[in-house]
file query.csv (CSV, C-alpha atoms)
chain,number,residue,atom,x,y,z
P,49,MET,CA,58.4,38.3,-57.3
P,50,VAL,CA,58.7,37.5,-61.0
P,51,ALA,CA,59.7,34.0,-60.2
P,52,LEU,CA,56.7,33.5,-58.0
P,53,GLU,CA,54.4,34.7,-60.7
P,54,ARG,CA,56.0,32.4,-63.2
P,55,SER,CA,55.8,29.2,-61.3
P,56,LEU,CA,54.0,28.9,-58.0
P,57,LYS,CA,54.4,25.2,-58.1
P,58,ALA,CA,58.2,25.5,-57.9
P,59,ALA,CA,58.2,28.4,-55.4
P,60,MET,CA,55.9,26.7,-53.0
P,61,ASN,CA,57.4,23.2,-53.3
P,62,ALA,CA,54.0,21.9,-54.6
P,63,ARG,CA,53.7,18.3,-55.5
P,64,ILE,CA,50.8,15.9,-56.3
P,65,ILE,CA,51.1,12.3,-55.1
P,66,GLY,CA,48.8,9.4,-54.7
P,67,SER,CA,46.0,7.9,-56.8
P,68,GLY,CA,42.2,8.2,-57.0
P,69,SER,CA,39.7,10.1,-59.0
P,70,GLU,CA,39.3,12.9,-56.5
P,71,THR,CA,41.9,15.4,-55.3
P,72,MET,CA,42.6,16.5,-51.7
P,73,VAL,CA,44.6,19.6,-50.9
P,74,LEU,CA,46.5,19.7,-47.6
P,75,ALA,CA,47.5,23.2,-46.3
P,76,HIS,CA,49.7,23.6,-43.2
P,77,GLY,CA,49.5,26.5,-40.6
P,78,PHE,CA,51.7,29.0,-38.9
P,79,GLY,CA,55.3,28.0,-38.7
P,80,GLY,CA,54.8,24.6,-40.3
P,81,ASP,CA,55.5,23.0,-43.6
P,82,GLN,CA,54.1,20.1,-45.6
P,83,SER,CA,55.8,17.6,-43.3
P,84,VAL,CA,53.0,18.0,-40.7
P,85,TRP,CA,51.0,15.7,-42.9
P,86,ASP,CA,53.6,12.9,-43.1
P,87,LYS,CA,51.8,10.5,-40.8
P,88,VAL,CA,48.5,10.6,-42.7
P,89,LEU,CA,49.9,10.6,-46.2
P,90,PRO,CA,50.3,6.8,-46.6
P,91,CYS,CA,46.5,6.3,-46.0
P,92,LEU,CA,45.3,9.4,-47.9
P,93,THR,CA,47.4,8.7,-51.0
P,94,LYS,CA,45.6,5.4,-51.4
P,95,HIS,CA,42.3,7.1,-52.0
P,96,TYR,CA,43.2,10.6,-53.4
P,97,GLN,CA,45.5,12.5,-55.5
P,98,VAL,CA,47.0,14.6,-52.7
P,99,VAL,CA,48.3,18.2,-53.2
P,100,LEU,CA,51.0,19.3,-50.8
P,101,PHE,CA,52.7,22.6,-50.7
P,102,ASP,CA,54.6,25.1,-48.4
P,103,TRP,CA,53.4,28.6,-47.8
P,104,THR,CA,56.1,31.1,-48.7
P,105,PHE,CA,56.7,32.0,-45.1
P,106,SER,CA,57.8,28.5,-44.4
P,107,GLY,CA,61.4,27.7,-43.6
P,108,ALA,CA,61.1,24.9,-46.3
P,109,VAL,CA,60.9,27.7,-48.9
P,110,LYS,CA,64.4,28.7,-49.8
P,111,ASP,CA,63.9,32.0,-51.5
P,112,PRO,CA,63.2,34.7,-48.8
P,113,ASN,CA,62.1,37.2,-51.5
P,114,LEU,CA,58.9,35.2,-52.1
P,115,PHE,CA,57.3,36.3,-48.8
P,116,ASP,CA,56.3,40.0,-48.5
P,117,PRO,CA,55.0,40.7,-45.0
P,118,LEU,CA,53.0,43.7,-46.2
P,119,LYS,CA,51.3,41.8,-49.0
P,120,TYR,CA,50.5,38.9,-46.6
P,121,SER,CA,49.2,41.0,-43.8
P,122,SER,CA,45.7,39.6,-44.7
P,123,TYR,CA,44.4,36.1,-45.2
P,124,ASP,CA,42.9,37.3,-48.5
P,125,ALA,CA,46.4,37.4,-50.1
P,126,PHE,CA,46.9,33.8,-49.0
P,127,ALA,CA,43.6,32.8,-50.4
P,128,ASP,CA,44.4,34.4,-53.8
P,129,GLU,CA,47.7,32.5,-53.8
P,130,LEU,CA,46.0,29.2,-53.1
P,131,ILE,CA,43.6,29.7,-55.9
P,132,ALA,CA,46.4,30.7,-58.3
P,133,LEU,CA,48.4,27.6,-57.3
P,134,LEU,CA,45.5,25.3,-57.9
P,135,ASP,CA,44.8,27.0,-61.3
P,136,GLU,CA,48.4,26.5,-62.3
P,137,LEU,CA,48.1,22.8,-61.4
P,138,HIS,CA,44.9,22.7,-63.5
P,139,LEU,CA,42.8,21.7,-60.5
P,140,GLU,CA,39.7,23.7,-61.0
P,141,SER,CA,36.8,22.0,-59.1
P,142,THR,CA,35.6,19.1,-56.9
P,143,LEU,CA,38.5,19.3,-54.5
P,144,VAL,CA,38.5,18.4,-50.9
P,145,PHE,CA,40.5,21.1,-48.9
P,146,VAL,CA,42.0,20.2,-45.6
P,147,GLY,CA,43.3,23.4,-43.9
P,148,HIS,CA,45.1,23.3,-40.5
P,149,SER,CA,44.9,26.3,-38.2
P,150,MET,CA,45.2,29.5,-40.1
P,151,SER,CA,44.8,27.6,-43.4
P,152,GLY,CA,41.3,26.7,-42.3
P,153,MET,CA,40.2,30.3,-42.6
P,154,ILE,CA,42.2,30.8,-45.8
P,155,GLY,CA,40.3,27.9,-47.3
P,156,CYS,CA,37.0,29.5,-46.3
P,157,ILE,CA,38.0,32.7,-48.0
P,158,ALA,CA,39.1,30.9,-51.1
P,159,SER,CA,35.7,29.1,-51.2
P,160,ILE,CA,33.9,32.4,-51.2
P,161,LYS,CA,36.1,33.8,-53.9
P,162,ARG,CA,35.7,30.7,-56.0
P,163,PRO,CA,32.5,28.9,-54.9
P,164,GLN,CA,32.9,25.8,-57.2
P,165,LEU,CA,36.5,25.1,-56.3
P,166,PHE,CA,36.0,22.9,-53.3
P,167,ASN,CA,33.2,20.3,-52.7
P,168,ARG,CA,34.2,20.1,-49.0
P,169,LEU,CA,36.2,22.1,-46.5
P,170,ILE,CA,37.9,20.2,-43.6
P,171,LEU,CA,38.8,22.8,-41.0
P,172,VAL,CA,41.3,21.4,-38.6
P,173,ALA,CA,41.8,23.4,-35.3
P,174,ALA,CA,40.7,26.6,-37.2
P,175,SER,CA,39.6,29.9,-35.7
P,176,PRO,CA,38.2,33.1,-37.1
P,177,ARG,CA,39.4,35.1,-34.1
P,178,TYR,CA,41.8,34.3,-31.2
P,179,ILE,CA,41.0,37.3,-29.0
P,180,ASN,CA,38.0,37.3,-26.6
P,181,ILE,CA,35.5,40.0,-27.3
P,182,ASP,CA,32.0,40.6,-25.8
P,183,ASP,CA,30.3,37.2,-25.6
P,184,TYR,CA,32.8,35.6,-28.1
P,185,GLU,CA,35.4,33.3,-26.5
P,186,GLY,CA,38.5,33.1,-28.7
P,187,GLY,CA,40.8,31.8,-26.0
P,188,PHE,CA,43.1,34.8,-25.4
P,189,ASP,CA,42.8,38.3,-24.1
P,190,ASP,CA,44.7,41.2,-25.7
P,191,ALA,CA,47.5,41.2,-23.1
P,192,THR,CA,48.2,37.5,-23.7
P,193,ILE,CA,48.4,38.0,-27.5
P,194,ASP,CA,50.7,41.1,-26.9
P,195,GLY,CA,52.9,38.9,-24.7
P,196,ILE,CA,53.1,36.1,-27.4
P,197,ILE,CA,54.2,38.6,-30.1
P,198,SER,CA,56.6,40.3,-27.7
P,199,SER,CA,58.2,36.9,-27.0
P,200,ILE,CA,58.5,36.1,-30.7
P,201,GLU,CA,60.2,39.5,-31.3
P,202,SER,CA,62.6,39.3,-28.4
P,203,ASP,CA,63.5,35.6,-28.0
P,204,TYR,CA,62.3,33.6,-31.0
P,205,GLU,CA,64.6,30.6,-30.4
P,206,ASN,CA,63.3,30.1,-26.9
P,207,TRP,CA,59.7,30.8,-27.9
P,208,THR,CA,59.7,28.2,-30.6
P,209,SER,CA,60.7,25.4,-28.2
P,210,ASN,CA,58.1,26.5,-25.6
P,211,PHE,CA,55.3,27.0,-28.1
P,212,ALA,CA,55.9,23.5,-29.6
P,213,LEU,CA,55.5,22.0,-26.1
P,214,LEU,CA,52.3,23.9,-25.6
P,215,VAL,CA,50.6,23.0,-28.8
P,216,VAL,CA,51.7,19.4,-29.4
P,217,ASP,CA,50.7,16.6,-27.0
P,218,ASN,CA,53.8,16.0,-24.9
P,219,SER,CA,53.2,12.3,-25.0
P,220,ASP,CA,54.6,12.5,-28.5
P,221,PRO,CA,58.0,14.0,-28.0
P,222,ILE,CA,59.1,13.3,-31.6
P,223,SER,CA,56.3,15.4,-33.0
P,224,VAL,CA,57.1,18.1,-30.4
P,225,ASN,CA,60.7,18.2,-31.6
P,226,ASN,CA,59.7,18.1,-35.3
P,227,LEU,CA,57.4,21.1,-34.9
P,228,ALA,CA,60.0,23.0,-33.0
P,229,LYS,CA,62.4,22.4,-35.8
P,230,CYS,CA,59.8,23.7,-38.4
P,231,LEU,CA,59.3,26.8,-36.3
P,232,LYS,CA,63.0,27.5,-36.0
P,233,ARG,CA,63.4,27.2,-39.7
P,234,MET,CA,60.9,30.0,-40.3
P,235,ARG,CA,62.8,33.3,-40.6
P,236,HIS,CA,62.4,35.6,-37.6
P,237,GLU,CA,61.6,38.5,-39.9
P,238,PHE,CA,58.6,36.6,-41.2
P,239,ALA,CA,57.5,35.2,-37.9
P,240,VAL,CA,56.8,38.5,-36.2
P,241,PRO,CA,54.5,40.1,-38.8
P,242,LEU,CA,52.8,36.7,-39.6
P,243,ALA,CA,52.1,36.2,-35.9
P,244,LYS,CA,50.4,39.6,-35.8
P,245,THR,CA,48.3,38.8,-38.9
P,246,VAL,CA,47.2,35.4,-37.4
P,247,PHE,CA,46.7,36.2,-33.7
P,248,ARG,CA,45.0,39.5,-34.4
P,249,SER,CA,42.8,38.3,-37.2
P,250,ASP,CA,39.1,38.6,-37.1
P,251,LYS,CA,37.3,36.8,-39.9
P,252,ARG,CA,34.0,36.1,-38.1
P,253,ASP,CA,32.1,38.1,-40.6
P,254,ILE,CA,33.0,35.7,-43.5
P,255,LEU,CA,31.5,32.6,-42.0
P,256,ASP,CA,27.9,33.4,-43.1
P,257,LYS,CA,29.3,33.6,-46.7
P,258,VAL,CA,30.7,30.1,-46.7
P,259,THR,CA,28.3,27.8,-48.5
P,260,THR,CA,30.7,24.9,-49.1
P,261,PRO,CA,29.9,21.9,-46.8
P,262,CYS,CA,32.3,22.0,-43.8
P,263,THR,CA,33.7,19.5,-41.3
P,264,ILE,CA,35.2,21.2,-38.3
P,265,ILE,CA,37.7,19.0,-36.5
P,266,GLN,CA,38.5,19.9,-32.9
P,267,THR,CA,40.6,18.2,-30.3
P,268,THR,CA,39.4,17.7,-26.7
P,269,ASN,CA,42.0,20.0,-25.3
P,270,ASP,CA,43.5,22.7,-27.6
P,271,ILE,CA,45.3,25.6,-25.8
P,272,VAL,CA,45.1,27.6,-29.0
P,273,VAL,CA,41.5,27.0,-30.1
P,274,PRO,CA,38.9,26.3,-27.3
P,275,GLY,CA,35.9,24.1,-28.1
P,276,SER,CA,33.6,27.1,-28.0
P,277,VAL,CA,35.2,28.3,-31.3
P,278,ALA,CA,34.3,25.2,-33.1
P,279,ASP,CA,30.7,25.5,-31.8
P,280,TYR,CA,30.6,29.2,-32.9
P,281,MET,CA,31.9,28.3,-36.4
P,282,HIS,CA,29.3,25.5,-36.7
P,283,LYS,CA,26.5,28.0,-35.9
P,284,LYS,CA,27.7,30.8,-38.1
P,285,ILE,CA,28.8,28.9,-41.3
P,286,LYS,CA,26.0,29.3,-43.9
P,287,GLY,CA,26.5,25.9,-45.5
P,288,LYS,CA,26.0,22.5,-43.9
P,289,SER,CA,28.6,21.9,-41.2
P,290,THR,CA,29.4,19.4,-38.5
P,291,VAL,CA,31.8,19.3,-35.6
P,292,GLU,CA,34.0,16.2,-35.1
P,293,ILE,CA,36.0,15.7,-31.9
P,294,VAL,CA,39.4,13.9,-31.9
P,295,ASN,CA,40.3,12.7,-28.5
P,296,THR,CA,43.8,14.1,-28.0
P,297,ASN,CA,45.5,17.1,-26.5
P,298,GLY,CA,47.0,19.9,-28.5
P,299,HIS,CA,46.6,21.7,-31.8
P,300,PHE,CA,47.9,19.0,-34.1
P,301,PRO,CA,45.6,16.0,-34.3
P,302,GLN,CA,47.2,14.9,-37.6
P,303,LEU,CA,50.5,14.5,-35.6
P,304,THR,CA,49.5,13.2,-32.2
P,305,ALA,CA,46.3,11.2,-33.0
P,306,HIS,CA,46.6,10.4,-36.7
P,307,PRO,CA,44.6,7.1,-36.6
P,308,GLU,CA,41.7,8.9,-35.0
P,309,PHE,CA,42.1,11.9,-37.3
P,310,LEU,CA,42.0,9.5,-40.3
P,311,ALA,CA,39.0,7.8,-38.9
P,312,VAL,CA,37.1,11.1,-38.8
P,313,LEU,CA,38.2,11.9,-42.4
P,314,ALA,CA,37.1,8.4,-43.5
P,315,GLY,CA,33.7,8.7,-41.9
P,316,VAL,CA,33.1,12.1,-43.4
P,317,LEU,CA,34.5,11.4,-46.9
P,318,GLY,CA,33.5,7.7,-47.2
P,319,PHE,CA,36.7,5.9,-47.7
P,320,GLU,CA,38.1,2.9,-45.9
P,321,ILE,CA,41.2,3.0,-43.7
call {"tool": "encode", "arguments": {"input": "query.csv", "output": "structure tokens"}}
result
Amino acid sequence: MVALERSLKAAMNARIIGSGSETMVLAHGFGGDQSVWDKVLPCLTKHYQVVLFDWTFSGAVKDPNLFDPLKYSSYDAFADELIALLDELHLESTLVFVGHSMSGMIGCIASIKRPQLFNRLILVAASPRYINIDDYEGGFDDATIDGIISSIESDYENWTSNFALLVVDNSDPISVNNLAKCLKRMRHEFAVPLAKTVFRSDKRDILDKVTTPCTIIQTTNDIVVPGSVADYMHKKIKGKSTVEIVNTNGHFPQLTAHPEFLAVLAGVLGFEI
């Protein structure tokens, strides 16, 4: 852990590329790495300095000692690490944060901890809770989540292939294959506790503390995050928020519908494609 404290930039493979007076931070989700942004980088780097990094659970991070499942059993630890990384990079304000999946909620938490850090949050296929409860539709019941975690525990190799097929539009087999490779690179001993943290999370109570303007990006058919979640977040977030729909299947619009995804970002942020 000493190495992590000394240089988060090196530990998390962080890099800054592109040009522009503003900075955009791209944060991947469960099982991914910074390569999930490859299709949108050529456009974004024309307009922004873009910060890319890998969370320490990622298979792209070579040192297994950097990820402590107990420490990272809460999104708060990830938010603290995000803030620390940006501090180390001397990026202290007026940032656009684009968080995919679990990183959407991590960005929300970071914005509460450091209100001036971001001037906009772009929440891509994000969810504060995945399990249905009362009148809240998260998309899964308890038994389904238990089954997902059990499959990760017992047959991770097979689960990664099946999960990639479920969450990435099958009309883009290259992206399906690339995500499956990312998932397989993540260590099994990290995947199980992280899946429990993600799929059993409940961060609904933080939404009314988020004052940073938010853009919620939702696909037309996401097996992981139903459209009702985007509507719920829109209603509960305290700051100004909008919901933008990308017409694609799956959980990864930046992979399977990147022109449409970029068009949404351009419309919200005011740059030309």
call {"tool": "closest_atom_pairs", "arguments": {"input": "query.csv", "of": "range 112-179 of chain P", "to": "range 275-284 of chain P", "cutoff": "10 Å", "atoms": "all atoms listed in the file", "output": "tab-separated table"}}
result
residue	atom	partner	partner_atom	distance
P:Leu171	CA	P:Ala278	CA	9.4
P:Val172	CA	P:Ala278	CA	9.7
P:Ala173	CA	P:Ala278	CA	8.0
P:Ala174	CA	P:Ala278	CA	7.7
P:Ser175	CA	P:Val277	CA	6.4
P:Pro176	CA	P:Met281	CA	8.0
P:Arg177	CA	P:Val277	CA	8.5
P:Tyr178	CA	P:Val277	CA	8.9
call {"tool": "atom_distance", "arguments": {"input": "query.csv", "atom1": "CA of Leu143 in chain P", "atom2": "CA of Cys230 in chain P"}}
result
27.1 Å
call {"tool": "residues_near_point", "arguments": {"input": "query.csv", "point": "(43.8, 19.3, -60.6)", "cutoff": "10 Å", "atoms": "all atoms listed in the file", "output": "tab-separated table (two decimals) with C-alpha atoms, keeping the file's coordinate frame"}}
result
chain	number	residue	atom	x	y	z
P	64	ILE	CA	50.80	15.90	-56.30
P	70	GLU	CA	39.30	12.90	-56.50
P	71	THR	CA	41.90	15.40	-55.30
P	72	MET	CA	42.60	16.50	-51.70
P	73	VAL	CA	44.60	19.60	-50.90
P	97	GLN	CA	45.50	12.50	-55.50
P	98	VAL	CA	47.00	14.60	-52.70
P	99	VAL	CA	48.30	18.20	-53.20
P	134	LEU	CA	45.50	25.30	-57.90
P	135	ASP	CA	44.80	27.00	-61.30
P	136	GLU	CA	48.40	26.50	-62.30
P	137	LEU	CA	48.10	22.80	-61.40
P	138	HIS	CA	44.90	22.70	-63.50
P	139	LEU	CA	42.80	21.70	-60.50
P	140	GLU	CA	39.70	23.70	-61.00
P	141	SER	CA	36.80	22.00	-59.10
P	142	THR	CA	35.60	19.10	-56.90
P	143	LEU	CA	38.50	19.30	-54.50
call {"tool": "atom_distance", "arguments": {"input": "query.csv", "atom1": "CA of Lys161 in chain P", "atom2": "CA of Ala59 in chain P"}}
result
22.8 Å
call {"tool": "atom_distance", "arguments": {"input": "query.csv", "atom1": "CA of Ser122 in chain P", "atom2": "CA of Thr245 in chain P"}}
result
6.4 Å
call {"tool": "residues_around", "arguments": {"input": "query.csv", "residues": "Val224 in chain P", "least_positions_apart": "2", "cutoff": "12 Å", "atoms": "all atoms listed in the file", "output": "compact mmCIF listing (two decimals) with C-alpha atoms, in the coordinates of the input"}}
result
# COMPACT_ATOMS: atom_id res chain seq x y z
CA VAL P 84 53.00 18.00 -40.70
CA THR P 208 59.70 28.20 -30.60
CA SER P 209 60.70 25.40 -28.20
CA ASN P 210 58.10 26.50 -25.60
CA PHE P 211 55.30 27.00 -28.10
CA ALA P 212 55.90 23.50 -29.60
CA LEU P 213 55.50 22.00 -26.10
CA LEU P 214 52.30 23.90 -25.60
CA VAL P 215 50.60 23.00 -28.80
CA VAL P 216 51.70 19.40 -29.40
CA ASP P 217 50.70 16.60 -27.00
CA ASN P 218 53.80 16.00 -24.90
CA SER P 219 53.20 12.30 -25.00
CA ASP P 220 54.60 12.50 -28.50
CA PRO P 221 58.00 14.00 -28.00
CA ILE P 222 59.10 13.30 -31.60
CA ASN P 226 59.70 18.10 -35.30
CA LEU P 227 57.40 21.10 -34.90
CA ALA P 228 60.00 23.00 -33.00
CA LYS P 229 62.40 22.40 -35.80
CA CYS P 230 59.80 23.70 -38.40
CA LEU P 231 59.30 26.80 -36.30
CA GLY P 298 47.00 19.90 -28.50
CA HIS P 299 46.60 21.70 -31.80
CA PHE P 300 47.90 19.00 -34.10
CA LEU P 303 50.50 14.50 -35.60
CA THR P 304 49.50 13.20 -32.20
call {"tool": "closest_residue", "arguments": {"input": "query.csv", "among": "P:Leu92, P:Val246, P:Leu56, P:Ile321", "to": "Gly68 in chain P", "atoms": "all atoms listed in the file"}}
result
P:Leu92
call {"tool": "closest_residue", "arguments": {"input": "query.csv", "among": "P:Arg168, P:His306, P:Lys232, P:Arg252", "to": "Leu89 in chain P", "atoms": "all atoms listed in the file"}}
result
P:His306
call {"tool": "residues_around", "arguments": {"input": "query.csv", "residues": "Phe126 in chain P", "least_positions_apart": "2", "cutoff": "10 Å", "atoms": "only C-alpha atoms", "output": "list of chain:residue names"}}
result
P:Trp103, P:Thr104, P:Lys119, P:Tyr120, P:Ser121, P:Ser122, P:Tyr123, P:Asp124, P:Asp128, P:Glu129, P:Leu130, P:Ile131, P:Ala132, P:Ser151, P:Met153, P:Ile154, P:Gly155, P:Ile157, P:Ala158
call {"tool": "write_last_selection", "arguments": {"input": "query.csv", "atoms": "C-alpha atoms", "output": "compact mmCIF listing (two decimals), keeping the file's coordinate frame"}}
result
# COMPACT_ATOMS: atom_id res chain seq x y z
CA TRP P 103 53.40 28.60 -47.80
CA THR P 104 56.10 31.10 -48.70
CA LYS P 119 51.30 41.80 -49.00
CA TYR P 120 50.50 38.90 -46.60
CA SER P 121 49.20 41.00 -43.80
CA SER P 122 45.70 39.60 -44.70
CA TYR P 123 44.40 36.10 -45.20
CA ASP P 124 42.90 37.30 -48.50
CA ASP P 128 44.40 34.40 -53.80
CA GLU P 129 47.70 32.50 -53.80
CA LEU P 130 46.00 29.20 -53.10
CA ILE P 131 43.60 29.70 -55.90
CA ALA P 132 46.40 30.70 -58.30
CA SER P 151 44.80 27.60 -43.40
CA MET P 153 40.20 30.30 -42.60
CA ILE P 154 42.20 30.80 -45.80
CA GLY P 155 40.30 27.90 -47.30
CA ILE P 157 38.00 32.70 -48.00
CA ALA P 158 39.10 30.90 -51.10
call {"tool": "residues_around", "arguments": {"input": "query.csv", "residues": "Arg63 in chain P", "least_positions_apart": "3", "cutoff": "8 Å", "atoms": "only C-alpha atoms", "output": "ChimeraX atom specification"}}
result
/P:57,99-101
call {"tool": "closest_residue", "arguments": {"input": "query.csv", "among": "P:Lys244, P:Lys110, P:His76, P:Lys87", "to": "Asn61 in chain P", "atoms": "only C-alpha atoms"}}
result
P:Lys110
call {"tool": "axis_aligned_box", "arguments": {"input": "query.csv", "around": "range 293-298 of chain P", "padding_each_side": "3 Å", "output": "lines of an AutoDock Vina configuration file"}}
result
center_x = 41.5
center_y = 16.3
center_z = -29.2
size_x = 17.0
size_y = 13.2
size_z = 11.4
call {"tool": "closest_residue", "arguments": {"input": "query.csv", "among": "P:Phe247, P:Phe166, P:Phe105, P:Phe238", "to": "Ile193 in chain P", "atoms": "all atoms listed in the file"}}
result
P:Phe247
call {"tool": "residues_around", "arguments": {"input": "query.csv", "residues": "Gly318 in chain P", "least_positions_apart": "4", "cutoff": "12 Å", "atoms": "all atoms listed in the file", "output": "mmCIF file with C-alpha atoms, in the coordinates of the input"}}
result
data_model
loop_
_atom_site.group_PDB
_atom_site.id
_atom_site.type_symbol
_atom_site.label_atom_id
_atom_site.label_comp_id
_atom_site.auth_asym_id
_atom_site.auth_seq_id
_atom_site.Cartn_x
_atom_site.Cartn_y
_atom_site.Cartn_z
ATOM 1 C CA LEU P 92 45.300 9.400 -47.900
ATOM 2 C CA HIS P 95 42.300 7.100 -52.000
ATOM 3 C CA TYR P 96 43.200 10.600 -53.400
ATOM 4 C CA LEU P 310 42.000 9.500 -40.300
ATOM 5 C CA ALA P 311 39.000 7.800 -38.900
ATOM 6 C CA VAL P 312 37.100 11.100 -38.800
ATOM 7 C CA LEU P 313 38.200 11.900 -42.400
ATOM 8 C CA ALA P 314 37.100 8.400 -43.500
#
call {"tool": "closest_residue", "arguments": {"input": "query.csv", "among": "P:Asn225, P:Asn206, P:Ser159, P:Ser198", "to": "Thr260 in chain P", "atoms": "all atoms listed in the file"}}
result
P:Ser159
call {"tool": "closest_residue", "arguments": {"input": "query.csv", "among": "P:Met60, P:Ile181, P:Ile254, P:Ile170", "to": "Ser289 in chain P", "atoms": "only C-alpha atoms"}}
result
P:Ile170
call {"tool": "residues_around", "arguments": {"input": "query.csv", "residues": "Gly187 in chain P", "least_positions_apart": "3", "cutoff": "7 Å", "atoms": "all atoms listed in the file", "output": "count of residues only"}}
result
6
call {"tool": "build_atoms", "arguments": {"input": "query.csv", "residues": "range 176-193 of chain P", "atoms": "N, CA and C atoms", "output": "PDB file, in the coordinates of the input"}}
result
ATOM      1  N   PRO P 176      38.321  31.770 -36.403  1.00  0.00           N
ATOM      2  CA  PRO P 176      38.200  33.100 -37.100  1.00  0.00           C
ATOM      3  C   PRO P 176      38.688  34.234 -36.278  1.00  0.00           C
ATOM      4  N   ARG P 177      38.885  34.031 -34.975  1.00  0.00           N
ATOM      5  CA  ARG P 177      39.400  35.100 -34.100  1.00  0.00           C
ATOM      6  C   ARG P 177      39.946  34.469 -32.834  1.00  0.00           C
ATOM      7  N   TYR P 178      41.131  34.888 -32.421  1.00  0.00           N
ATOM      8  CA  TYR P 178      41.800  34.300 -31.200  1.00  0.00           C
ATOM      9  C   TYR P 178      41.569  35.134 -29.976  1.00  0.00           C
ATOM     10  N   ILE P 179      41.159  36.376 -30.119  1.00  0.00           N
ATOM     11  CA  ILE P 179      41.000  37.300 -29.000  1.00  0.00           C
ATOM     12  C   ILE P 179      39.580  37.346 -28.517  1.00  0.00           C
ATOM     13  N   ASN P 180      39.359  37.198 -27.220  1.00  0.00           N
ATOM     14  CA  ASN P 180      38.000  37.300 -26.600  1.00  0.00           C
ATOM     15  C   ASN P 180      37.441  38.703 -26.894  1.00  0.00           C
ATOM     16  N   ILE P 181      36.152  38.752 -27.182  1.00  0.00           N
ATOM     17  CA  ILE P 181      35.500  40.000 -27.300  1.00  0.00           C
ATOM     18  C   ILE P 181      33.995  39.832 -27.030  1.00  0.00           C
ATOM     19  N   ASP P 182      33.440  40.707 -26.198  1.00  0.00           N
ATOM     20  CA  ASP P 182      32.000  40.600 -25.800  1.00  0.00           C
ATOM     21  C   ASP P 182      31.698  39.184 -25.387  1.00  0.00           C
ATOM     22  N   ASP P 183      30.730  38.543 -26.051  1.00  0.00           N
ATOM     23  CA  ASP P 183      30.300  37.200 -25.600  1.00  0.00           C
ATOM     24  C   ASP P 183      31.057  36.118 -26.478  1.00  0.00           C
ATOM     25  N   TYR P 184      32.052  36.529 -27.261  1.00  0.00           N
ATOM     26  CA  TYR P 184      32.800  35.600 -28.100  1.00  0.00           C
ATOM     27  C   TYR P 184      34.072  35.156 -27.305  1.00  0.00           C
ATOM     28  N   GLU P 185      34.256  33.835 -27.162  1.00  0.00           N
ATOM     29  CA  GLU P 185      35.400  33.300 -26.500  1.00  0.00           C
ATOM     30  C   GLU P 185      36.425  32.769 -27.507  1.00  0.00           C
ATOM     31  N   GLY P 186      37.459  33.556 -27.774  1.00  0.00           N
ATOM     32  CA  GLY P 186      38.500  33.100 -28.700  1.00  0.00           C
ATOM     33  C   GLY P 186      39.614  32.371 -28.091  1.00  0.00           C
ATOM     34  N   GLY P 187      39.752  32.509 -26.761  1.00  0.00           N
ATOM     35  CA  GLY P 187      40.800  31.800 -26.000  1.00  0.00           C
ATOM     36  C   GLY P 187      41.850  32.642 -25.411  1.00  0.00           C
ATOM     37  N   PHE P 188      42.002  33.898 -25.880  1.00  0.00           N
ATOM     38  CA  PHE P 188      43.100  34.800 -25.400  1.00  0.00           C
ATOM     39  C   PHE P 188      42.494  36.172 -25.121  1.00  0.00           C
ATOM     40  N   ASP P 189      43.126  36.865 -24.174  1.00  0.00           N
ATOM     41  CA  ASP P 189      42.800  38.300 -24.100  1.00  0.00           C
ATOM     42  C   ASP P 189      43.928  39.074 -24.779  1.00  0.00           C
ATOM     43  N   ASP P 190      43.705  40.379 -24.928  1.00  0.00           N
ATOM     44  CA  ASP P 190      44.700  41.200 -25.700  1.00  0.00           C
ATOM     45  C   ASP P 190      46.053  41.149 -25.092  1.00  0.00           C
ATOM     46  N   ALA P 191      46.144  41.185 -23.770  1.00  0.00           N
ATOM     47  CA  ALA P 191      47.500  41.200 -23.100  1.00  0.00           C
ATOM     48  C   ALA P 191      48.243  39.932 -23.401  1.00  0.00           C
ATOM     49  N   THR P 192      47.553  38.793 -23.431  1.00  0.00           N
ATOM     50  CA  THR P 192      48.200  37.500 -23.700  1.00  0.00           C
ATOM     51  C   THR P 192      48.784  37.487 -25.124  1.00  0.00           C
ATOM     52  N   ILE P 193      47.979  37.967 -26.084  1.00  0.00           N
ATOM     53  CA  ILE P 193      48.400  38.000 -27.500  1.00  0.00           C
ATOM     54  C   ILE P 193      49.633  38.970 -27.590  1.00  0.00           C
TER      55      ILE P 193
END
